[in-house]
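Notes follow once the structure below has been shown.
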Amino acid sequence: MHITGRAWKYGDNINTDVLFPGKYTYTVTERAEIARHALEDLDPVFAANVQPGDVIVGGRNFGCGSSREQAATCLVYNGVGAVIAASFSRIFYRNALNNGLLAIGCPAAVEAIQPGETVTVDTERHVIRCVAGEFAFPPLSASVMGIVEAGGLVAYVKRKLAVP
């Protein structure tokens with residue numbers, strides 16, 4: 001899998017309330033509307049300008065806070081290709097994968113990537129390419145890649161069980 005897109009870079013401790021504002025958790029349910037509210041309190045231009053395949057780059061503890069699934073789905077609904085962070089909150093990491101969003105921990109790449117530059121994630125070679133060079137990340141398991149490639153855990157399980 002190859003993902004290429006523009007880098008949207010943010011700092012440490014980007015919490016789920018910043019990714020998807022808590023005030024919408026129980027009132028916004030349509031995909032398009034969830035997408036429109038992505039990162040609105042952190043980066044008001046994000047939802048209007050993000051392009052399919054773009055990459056979120058975050059620091060340490062990305063996705064900390066509550067377990068709201070919309071923190072991951074709002075990125076998926078906007079076409080984000082991957083999130084690269086120095087480290088992830090466990091629950092955000094799992095929510096990302098469960099919803100088909102590639103999440104990669106690679107502190108060296110996070111330091112090197114500049115906002116707005118083109119980033120390529122190559123999951124076959126386990127590298128992230130940016131202007132500063134190539135940065136290796138640990139290989140992802142076959143099951144994790146299967147979940148991401150299927151578009152999420154539910155689709156992956158249906159495919160494995162051959163459920164229509």
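Going by the structure tokens order, chains are called A, B, ..., each with residues numbered from 1, while ligands are numbered from 1 in the order shown.
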
TODO: Tell me, as number ranges by chain, which residues lie within 8 Å of Ala103 of chain A, counting only C-alpha atoms; anything in the same chain fewer than 4 positions away does not count.
DONE: A: 82-85, 93, 96-97

For the residues in the current selection, export N, CA, C and O atoms as an mmCIF file, in the first residue's frame.
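Once everything was written out, this is again.cif:
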```cif
data_model
loop_
_atom_site.group_PDB
_atom_site.id
_atom_site.type_symbol
_atom_site.label_atom_id
_atom_site.label_comp_id
_atom_site.auth_asym_id
_atom_site.auth_seq_id
_atom_site.Cartn_x
_atom_site.Cartn_y
_atom_site.Cartn_z
ATOM 1 N N ALA A 82 -3.484 8.492 6.255
ATOM 2 C CA ALA A 82 -2.750 7.916 7.383
ATOM 3 C C ALA A 82 -2.541 8.981 8.444
ATOM 4 O O ALA A 82 -2.600 10.179 8.159
ATOM 5 N N VAL A 83 -2.300 8.499 9.648
ATOM 6 C CA VAL A 83 -1.845 9.363 10.741
ATOM 7 C C VAL A 83 -0.485 8.833 11.156
ATOM 8 O O VAL A 83 -0.332 7.642 11.440
ATOM 9 N N ILE A 84 0.493 9.722 11.162
ATOM 10 C CA ILE A 84 1.839 9.389 11.620
ATOM 11 C C ILE A 84 2.053 10.188 12.895
ATOM 12 O O ILE A 84 1.851 11.403 12.901
ATOM 13 N N ALA A 85 2.447 9.519 13.961
ATOM 14 C CA ALA A 85 2.652 10.228 15.225
ATOM 15 C C ALA A 85 3.864 9.653 15.946
ATOM 16 O O ALA A 85 4.316 8.534 15.654
ATOM 17 N N TYR A 93 -5.631 4.643 18.759
ATOM 18 C CA TYR A 93 -4.961 3.749 17.808
ATOM 19 C C TYR A 93 -5.900 2.618 17.391
ATOM 20 O O TYR A 93 -6.058 2.332 16.211
ATOM 21 N N ALA A 96 -8.760 3.957 15.280
ATOM 22 C CA ALA A 96 -8.293 4.258 13.924
ATOM 23 C C ALA A 96 -8.281 2.976 13.086
ATOM 24 O O ALA A 96 -8.875 2.924 12.009
ATOM 25 N N LEU A 97 -7.619 1.951 13.589
ATOM 26 C CA LEU A 97 -7.545 0.696 12.834
ATOM 27 C C LEU A 97 -8.918 0.097 12.609
ATOM 28 O O LEU A 97 -9.232 -0.360 11.501
#
```

Task: In segment 29-153 of chain A, DSSP alpha helix (DSSP H) residues written as a count of residues only - done: 43

Open item on the list: What's around Asn98 of chain A at 10 Å? Count only C-alpha atoms, leave out sequence neighbours fewer than 5 positions away in its own chain, and write the answer as a list in words.
Closed with: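 Surrounding residues, per the criterion: Glu69, Ala72, Thr73, Phe92, Tyr93, Val144, Ile147, Val148, Gly151, Gly152, Leu153, Val154, Ala155 and Tyr156 of chain A.
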
Open item on the list: List the spatial neighbours of Gly116 of chain A as JSON, numbers by chain - criterion: any atom at most 7 Å away, only C-alpha atoms, same-chain residues fewer than 6 positions off excluded.
Closed with: {"A": [6, 7, 8]}

Task: Spatial neighbours of Arg31 of chain A, max dist 10 Å, only C-alpha atoms, sep filter under 6 positions, as a list of chain:residue names - done: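 Counting only C-alpha atoms, the residues come to A:Gln70, A:Thr73, A:Cys74, A:Val76, A:Tyr77, A:Asn78.
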
File dump, residues just selected, C-alpha atoms, as a compact mmCIF listing (two decimals), in the first residue's frame:
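Listed below is the output, result31.txt:
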```
# COMPACT_ATOMS: atom_id res chain seq x y z
CA GLN A 70 -15.70 10.08 15.78
CA THR A 73 -14.05 8.49 11.70
CA CYS A 74 -14.01 12.24 11.03
CA VAL A 76 -11.63 8.69 7.54
CA TYR A 77 -14.67 10.58 6.22
CA ASN A 78 -12.34 13.35 5.05
```

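Among the candidates A:Thr123, A:Thr4, A:Ser143, A:Ser67, the residue lying nearest to Asp54 of chain A is A:Thr4 (atoms considered: only C-alpha atoms).
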
Residue contacts of Cys64 of chain A (9 Å, only C-alpha atoms) excluding same-chain residues fewer than 6 positions away, as a PDB file with all heavy atoms, in the first residue's frame:
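Output below, filename out.pdb:
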```
ATOM      1  N   ASN A  13      -0.062  15.692  22.375  1.00  0.00           N
ATOM      2  CA  ASN A  13      -1.303  15.624  23.152  1.00  0.00           C
ATOM      3  C   ASN A  13      -2.532  16.159  22.415  1.00  0.00           C
ATOM      4  O   ASN A  13      -3.384  16.824  23.012  1.00  0.00           O
ATOM      5  CB  ASN A  13      -1.133  16.340  24.495  1.00  0.00           C
ATOM      6  CG  ASN A  13      -0.025  15.731  25.311  1.00  0.00           C
ATOM      7  OD1 ASN A  13       0.005  14.518  25.508  1.00  0.00           O
ATOM      8  ND2 ASN A  13       0.915  16.553  25.752  1.00  0.00           N
ATOM      9  N   ILE A  14      -2.618  15.865  21.138  1.00  0.00           N
ATOM     10  CA  ILE A  14      -3.816  16.239  20.377  1.00  0.00           C
ATOM     11  C   ILE A  14      -4.916  15.289  20.830  1.00  0.00           C
ATOM     12  O   ILE A  14      -4.861  14.090  20.567  1.00  0.00           O
ATOM     13  CB  ILE A  14      -3.577  16.148  18.857  1.00  0.00           C
ATOM     14  CG1 ILE A  14      -2.449  17.072  18.428  1.00  0.00           C
ATOM     15  CG2 ILE A  14      -4.860  16.423  18.091  1.00  0.00           C
ATOM     16  CD1 ILE A  14      -2.685  18.551  18.731  1.00  0.00           C
ATOM     17  N   ASN A  15      -5.884  15.833  21.527  1.00  0.00           N
ATOM     18  CA  ASN A  15      -6.894  14.956  22.144  1.00  0.00           C
ATOM     19  C   ASN A  15      -8.131  14.790  21.260  1.00  0.00           C
ATOM     20  O   ASN A  15      -8.333  15.514  20.295  1.00  0.00           O
ATOM     21  CB  ASN A  15      -7.242  15.428  23.558  1.00  0.00           C
ATOM     22  CG  ASN A  15      -7.978  16.731  23.576  1.00  0.00           C
ATOM     23  OD1 ASN A  15      -8.981  16.904  22.895  1.00  0.00           O
ATOM     24  ND2 ASN A  15      -7.493  17.671  24.380  1.00  0.00           N
ATOM     25  N   THR A  16      -8.946  13.827  21.644  1.00  0.00           N
ATOM     26  CA  THR A  16     -10.119  13.494  20.839  1.00  0.00           C
ATOM     27  C   THR A  16     -11.120  14.643  20.775  1.00  0.00           C
ATOM     28  O   THR A  16     -11.853  14.764  19.800  1.00  0.00           O
ATOM     29  CB  THR A  16     -10.803  12.229  21.380  1.00  0.00           C
ATOM     30  OG1 THR A  16     -11.118  12.417  22.759  1.00  0.00           O
ATOM     31  CG2 THR A  16      -9.919  11.010  21.201  1.00  0.00           C
ATOM     32  N   ASP A  17     -11.127  15.497  21.785  1.00  0.00           N
ATOM     33  CA  ASP A  17     -12.044  16.638  21.777  1.00  0.00           C
ATOM     34  C   ASP A  17     -11.614  17.672  20.737  1.00  0.00           C
ATOM     35  O   ASP A  17     -12.443  18.420  20.224  1.00  0.00           O
ATOM     36  CB  ASP A  17     -12.115  17.276  23.172  1.00  0.00           C
ATOM     37  CG  ASP A  17     -13.407  18.042  23.382  1.00  0.00           C
ATOM     38  OD1 ASP A  17     -14.469  17.546  22.945  1.00  0.00           O
ATOM     39  OD2 ASP A  17     -13.359  19.131  23.976  1.00  0.00           O
ATOM     40  N   PHE A  88       0.798   7.102  20.132  1.00  0.00           N
ATOM     41  CA  PHE A  88      -0.658   7.193  20.113  1.00  0.00           C
ATOM     42  C   PHE A  88      -1.240   6.801  21.457  1.00  0.00           C
ATOM     43  O   PHE A  88      -0.702   5.933  22.147  1.00  0.00           O
ATOM     44  CB  PHE A  88      -1.253   6.218  19.079  1.00  0.00           C
ATOM     45  CG  PHE A  88      -0.981   6.581  17.662  1.00  0.00           C
ATOM     46  CD1 PHE A  88       0.114   6.047  16.997  1.00  0.00           C
ATOM     47  CD2 PHE A  88      -1.815   7.443  16.980  1.00  0.00           C
ATOM     48  CE1 PHE A  88       0.371   6.368  15.681  1.00  0.00           C
ATOM     49  CE2 PHE A  88      -1.571   7.778  15.661  1.00  0.00           C
ATOM     50  CZ  PHE A  88      -0.469   7.239  15.001  1.00  0.00           C
ATOM     51  N   SER A  89      -2.384   7.390  21.766  1.00  0.00           N
ATOM     52  CA  SER A  89      -3.216   6.863  22.832  1.00  0.00           C
ATOM     53  C   SER A  89      -3.686   5.494  22.345  1.00  0.00           C
ATOM     54  O   SER A  89      -4.022   5.333  21.169  1.00  0.00           O
ATOM     55  CB  SER A  89      -4.404   7.804  23.048  1.00  0.00           C
ATOM     56  OG  SER A  89      -5.560   7.117  23.355  1.00  0.00           O
ATOM     57  N   ARG A  90      -3.709   4.518  23.253  1.00  0.00           N
ATOM     58  CA  ARG A  90      -4.099   3.161  22.841  1.00  0.00           C
ATOM     59  C   ARG A  90      -5.493   3.113  22.240  1.00  0.00           C
ATOM     60  O   ARG A  90      -5.726   2.438  21.238  1.00  0.00           O
ATOM     61  CB  ARG A  90      -4.032   2.196  24.026  1.00  0.00           C
ATOM     62  CG  ARG A  90      -2.647   1.807  24.381  1.00  0.00           C
ATOM     63  CD  ARG A  90      -2.634   0.738  25.423  1.00  0.00           C
ATOM     64  NE  ARG A  90      -3.711   0.907  26.393  1.00  0.00           N
ATOM     65  CZ  ARG A  90      -3.707   0.437  27.602  1.00  0.00           C
ATOM     66  NH1 ARG A  90      -2.688  -0.242  28.040  1.00  0.00           N
ATOM     67  NH2 ARG A  90      -4.718   0.624  28.412  1.00  0.00           N
ATOM     68  N   ILE A  91      -6.441   3.798  22.860  1.00  0.00           N
ATOM     69  CA  ILE A  91      -7.820   3.683  22.374  1.00  0.00           C
ATOM     70  C   ILE A  91      -7.998   4.374  21.028  1.00  0.00           C
ATOM     71  O   ILE A  91      -8.704   3.881  20.161  1.00  0.00           O
ATOM     72  CB  ILE A  91      -8.850   4.157  23.417  1.00  0.00           C
ATOM     73  CG1 ILE A  91     -10.215   3.620  23.039  1.00  0.00           C
ATOM     74  CG2 ILE A  91      -8.863   5.652  23.567  1.00  0.00           C
ATOM     75  CD1 ILE A  91     -11.077   3.274  24.205  1.00  0.00           C
ATOM     76  N   PHE A  92      -7.317   5.512  20.793  1.00  0.00           N
ATOM     77  CA  PHE A  92      -7.403   6.140  19.476  1.00  0.00           C
ATOM     78  C   PHE A  92      -6.775   5.222  18.430  1.00  0.00           C
ATOM     79  O   PHE A  92      -7.330   5.051  17.339  1.00  0.00           O
ATOM     80  CB  PHE A  92      -6.707   7.508  19.429  1.00  0.00           C
ATOM     81  CG  PHE A  92      -6.722   8.079  18.035  1.00  0.00           C
ATOM     82  CD1 PHE A  92      -7.824   8.768  17.573  1.00  0.00           C
ATOM     83  CD2 PHE A  92      -5.670   7.865  17.160  1.00  0.00           C
ATOM     84  CE1 PHE A  92      -7.872   9.245  16.264  1.00  0.00           C
ATOM     85  CE2 PHE A  92      -5.695   8.335  15.856  1.00  0.00           C
ATOM     86  CZ  PHE A  92      -6.803   9.028  15.408  1.00  0.00           C
TER      87      PHE A  92
END
```

TODO: Go through A:Val119, A:Gly105, A:Val57, A:Asn95 and flag the residue nearest Leu140 of chain A, using only C-alpha atoms for the distances.
DONE: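 Of A:Val119, A:Gly105, A:Val57, A:Asn95, the one nearest Leu140 of chain A is A:Gly105, counting only C-alpha atoms.
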
Open item on the list: DSSP on the backbone: which residues in chain A end up as strand (DSSP E)? Give the answer as JSON, numbers by chain.
Closed with: {"A": [2, 3, 4, 5, 6, 7, 8, 9, 55, 56, 57, 58, 82, 83, 84, 85, 102, 103, 104, 105, 118, 119, 120, 121, 122, 127, 128, 129, 130, 133, 134, 135, 136]}

Same residues, N, CA and C atoms, output as a CSV table (one decimal), in the first residue's frame:
```
chain,number,residue,atom,x,y,z
A,2,HIS,N,0.6,2.2,-0.9
A,2,HIS,CA,1.3,3.5,-0.9
A,2,HIS,C,0.2,4.6,-0.8
A,3,ILE,N,0.6,5.5,0.1
A,3,ILE,CA,-0.3,6.6,0.4
A,3,ILE,C,0.6,7.9,0.2
A,4,THR,N,0.1,8.8,-0.6
A,4,THR,CA,0.8,10.0,-0.8
A,4,THR,C,-0.1,11.2,-0.7
A,5,GLY,N,0.3,12.2,0.1
A,5,GLY,CA,-0.5,13.3,0.3
A,5,GLY,C,0.2,14.4,1.1
A,6,ARG,N,-0.5,15.5,1.2
A,6,ARG,CA,0.1,16.7,1.9
A,6,ARG,C,0.1,16.4,3.5
A,7,ALA,N,1.1,16.9,4.1
A,7,ALA,CA,1.2,16.8,5.6
A,7,ALA,C,0.5,17.9,6.3
A,8,TRP,N,-0.4,17.5,7.2
A,8,TRP,CA,-1.0,18.4,8.2
A,8,TRP,C,-0.4,18.1,9.5
A,9,LYS,N,0.4,19.0,10.0
A,9,LYS,CA,1.3,18.7,11.2
A,9,LYS,C,0.8,19.5,12.4
A,55,VAL,N,-2.1,13.4,4.9
A,55,VAL,CA,-1.5,12.7,6.0
A,55,VAL,C,-1.5,13.6,7.2
A,56,ILE,N,-2.0,13.1,8.4
A,56,ILE,CA,-2.0,13.9,9.6
A,56,ILE,C,-0.6,13.5,10.3
A,57,VAL,N,0.1,14.5,10.8
A,57,VAL,CA,1.3,14.2,11.5
A,57,VAL,C,1.2,14.8,12.9
A,58,GLY,N,1.3,14.0,13.9
A,58,GLY,CA,1.2,14.4,15.3
A,58,GLY,C,2.3,14.0,16.1
A,82,ALA,N,-3.5,8.5,6.3
A,82,ALA,CA,-2.7,7.9,7.4
A,82,ALA,C,-2.5,9.0,8.4
A,83,VAL,N,-2.3,8.5,9.6
A,83,VAL,CA,-1.8,9.4,10.7
A,83,VAL,C,-0.5,8.8,11.2
A,84,ILE,N,0.5,9.7,11.2
A,84,ILE,CA,1.8,9.4,11.6
A,84,ILE,C,2.1,10.2,12.9
A,85,ALA,N,2.4,9.5,14.0
A,85,ALA,CA,2.7,10.2,15.2
A,85,ALA,C,3.9,9.7,15.9
A,102,LEU,N,-5.0,4.0,8.7
A,102,LEU,CA,-3.7,3.6,9.0
A,102,LEU,C,-3.0,4.6,10.0
A,103,ALA,N,-2.5,4.0,11.1
A,103,ALA,CA,-1.9,4.8,12.2
A,103,ALA,C,-0.5,4.2,12.4
A,104,ILE,N,0.5,5.1,12.2
A,104,ILE,CA,1.9,4.6,12.2
A,104,ILE,C,2.7,5.4,13.3
A,105,GLY,N,3.4,4.8,14.1
A,105,GLY,CA,4.3,5.4,15.1
A,105,GLY,C,5.7,5.5,14.5
A,118,THR,N,4.8,17.1,0.8
A,118,THR,CA,4.3,15.8,0.3
A,118,THR,C,5.0,14.7,1.1
A,119,VAL,N,4.2,13.8,1.6
A,119,VAL,CA,4.6,12.6,2.3
A,119,VAL,C,4.1,11.4,1.7
A,120,THR,N,4.9,10.4,1.6
A,120,THR,CA,4.5,9.1,1.1
A,120,THR,C,4.8,8.0,2.1
A,121,VAL,N,3.8,7.2,2.3
A,121,VAL,CA,3.9,6.1,3.2
A,121,VAL,C,3.9,4.8,2.4
A,122,ASP,N,4.9,4.0,2.5
A,122,ASP,CA,5.0,2.8,1.8
A,122,ASP,C,5.0,1.6,2.8
A,127,VAL,N,8.5,2.3,5.1
A,127,VAL,CA,9.1,3.6,5.1
A,127,VAL,C,8.2,4.7,4.9
A,128,ILE,N,8.5,5.8,5.4
A,128,ILE,CA,7.9,7.1,5.2
A,128,ILE,C,8.9,8.0,4.5
A,129,ARG,N,8.5,8.6,3.3
A,129,ARG,CA,9.3,9.4,2.6
A,129,ARG,C,8.8,10.9,2.7
A,130,CYS,N,9.8,11.8,2.9
A,130,CYS,CA,9.5,13.2,2.9
A,130,CYS,C,10.7,13.9,2.3
A,133,GLY,N,14.1,12.8,3.7
A,133,GLY,CA,14.6,11.5,3.4
A,133,GLY,C,13.6,10.4,3.7
A,134,GLU,N,14.1,9.2,4.0
A,134,GLU,CA,13.2,8.1,4.3
A,134,GLU,C,13.4,7.7,5.7
A,135,PHE,N,12.3,7.3,6.3
A,135,PHE,CA,12.3,6.9,7.8
A,135,PHE,C,11.6,5.6,7.9
A,136,ALA,N,12.2,4.6,8.5
A,136,ALA,CA,11.7,3.3,8.6
A,136,ALA,C,10.7,3.3,9.8
```

If we count only C-alpha atoms, what is near Phe20 of chain A at a cut-off of 8 Å, once residues fewer than 5 positions away on the same chain are taken out, given as a PDB file with N, CA, C and O atoms, in the first residue's frame?
```pdb
ATOM      1  N   THR A  25     -20.916  15.046  19.699  1.00  0.00           N
ATOM      2  CA  THR A  25     -20.865  13.590  19.833  1.00  0.00           C
ATOM      3  C   THR A  25     -22.219  12.915  19.679  1.00  0.00           C
ATOM      4  O   THR A  25     -22.327  11.885  19.012  1.00  0.00           O
ATOM      5  N   ILE A  34     -20.163  14.951  10.089  1.00  0.00           N
ATOM      6  CA  ILE A  34     -19.050  14.577  10.965  1.00  0.00           C
ATOM      7  C   ILE A  34     -17.742  15.065  10.336  1.00  0.00           C
ATOM      8  O   ILE A  34     -16.901  15.664  11.010  1.00  0.00           O
ATOM      9  N   HIS A  37     -16.805  18.807  10.762  1.00  0.00           N
ATOM     10  CA  HIS A  37     -16.387  19.282  12.080  1.00  0.00           C
ATOM     11  C   HIS A  37     -15.000  18.796  12.490  1.00  0.00           C
ATOM     12  O   HIS A  37     -14.522  19.137  13.582  1.00  0.00           O
ATOM     13  N   ALA A  38     -14.318  18.060  11.633  1.00  0.00           N
ATOM     14  CA  ALA A  38     -12.985  17.548  11.962  1.00  0.00           C
ATOM     15  C   ALA A  38     -12.013  18.679  12.258  1.00  0.00           C
ATOM     16  O   ALA A  38     -11.889  19.617  11.475  1.00  0.00           O
ATOM     17  N   LEU A  39     -11.377  18.628  13.399  1.00  0.00           N
ATOM     18  CA  LEU A  39     -10.332  19.556  13.830  1.00  0.00           C
ATOM     19  C   LEU A  39     -10.768  21.024  13.851  1.00  0.00           C
ATOM     20  O   LEU A  39      -9.927  21.916  13.866  1.00  0.00           O
ATOM     21  N   GLU A  40     -12.055  21.299  13.879  1.00  0.00           N
ATOM     22  CA  GLU A  40     -12.511  22.687  13.723  1.00  0.00           C
ATOM     23  C   GLU A  40     -11.988  23.639  14.797  1.00  0.00           C
ATOM     24  O   GLU A  40     -11.778  24.817  14.508  1.00  0.00           O
ATOM     25  N   GLN A  70     -15.674   9.029  16.812  1.00  0.00           N
ATOM     26  CA  GLN A  70     -15.698  10.075  15.781  1.00  0.00           C
ATOM     27  C   GLN A  70     -14.335  10.752  15.606  1.00  0.00           C
ATOM     28  O   GLN A  70     -14.072  11.349  14.569  1.00  0.00           O
ATOM     29  N   ALA A  71     -13.469  10.665  16.612  1.00  0.00           N
ATOM     30  CA  ALA A  71     -12.133  11.246  16.477  1.00  0.00           C
ATOM     31  C   ALA A  71     -11.365  10.573  15.346  1.00  0.00           C
ATOM     32  O   ALA A  71     -10.545  11.211  14.676  1.00  0.00           O
ATOM     33  N   CYS A  74     -13.981  10.946  11.712  1.00  0.00           N
ATOM     34  CA  CYS A  74     -14.006  12.244  11.028  1.00  0.00           C
ATOM     35  C   CYS A  74     -12.819  12.374  10.082  1.00  0.00           C
ATOM     36  O   CYS A  74     -12.929  13.003   9.031  1.00  0.00           O
TER      37      CYS A  74
END
```

Open item on the list: Measuring between only C-alpha atoms, which one of A:Gly79, A:Gly65, A:Gly100, A:Pro115 shows the shortest distance to Arg36 of chain A?
Closed with: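 The closest residue to Arg36 of chain A is A:Gly79.
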
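Across A:Pro52, A:Cys106, A:Asp41, A:Ala132, the tightest approach to Val80 of chain A is made by A:Pro52 when counting only C-alpha atoms.
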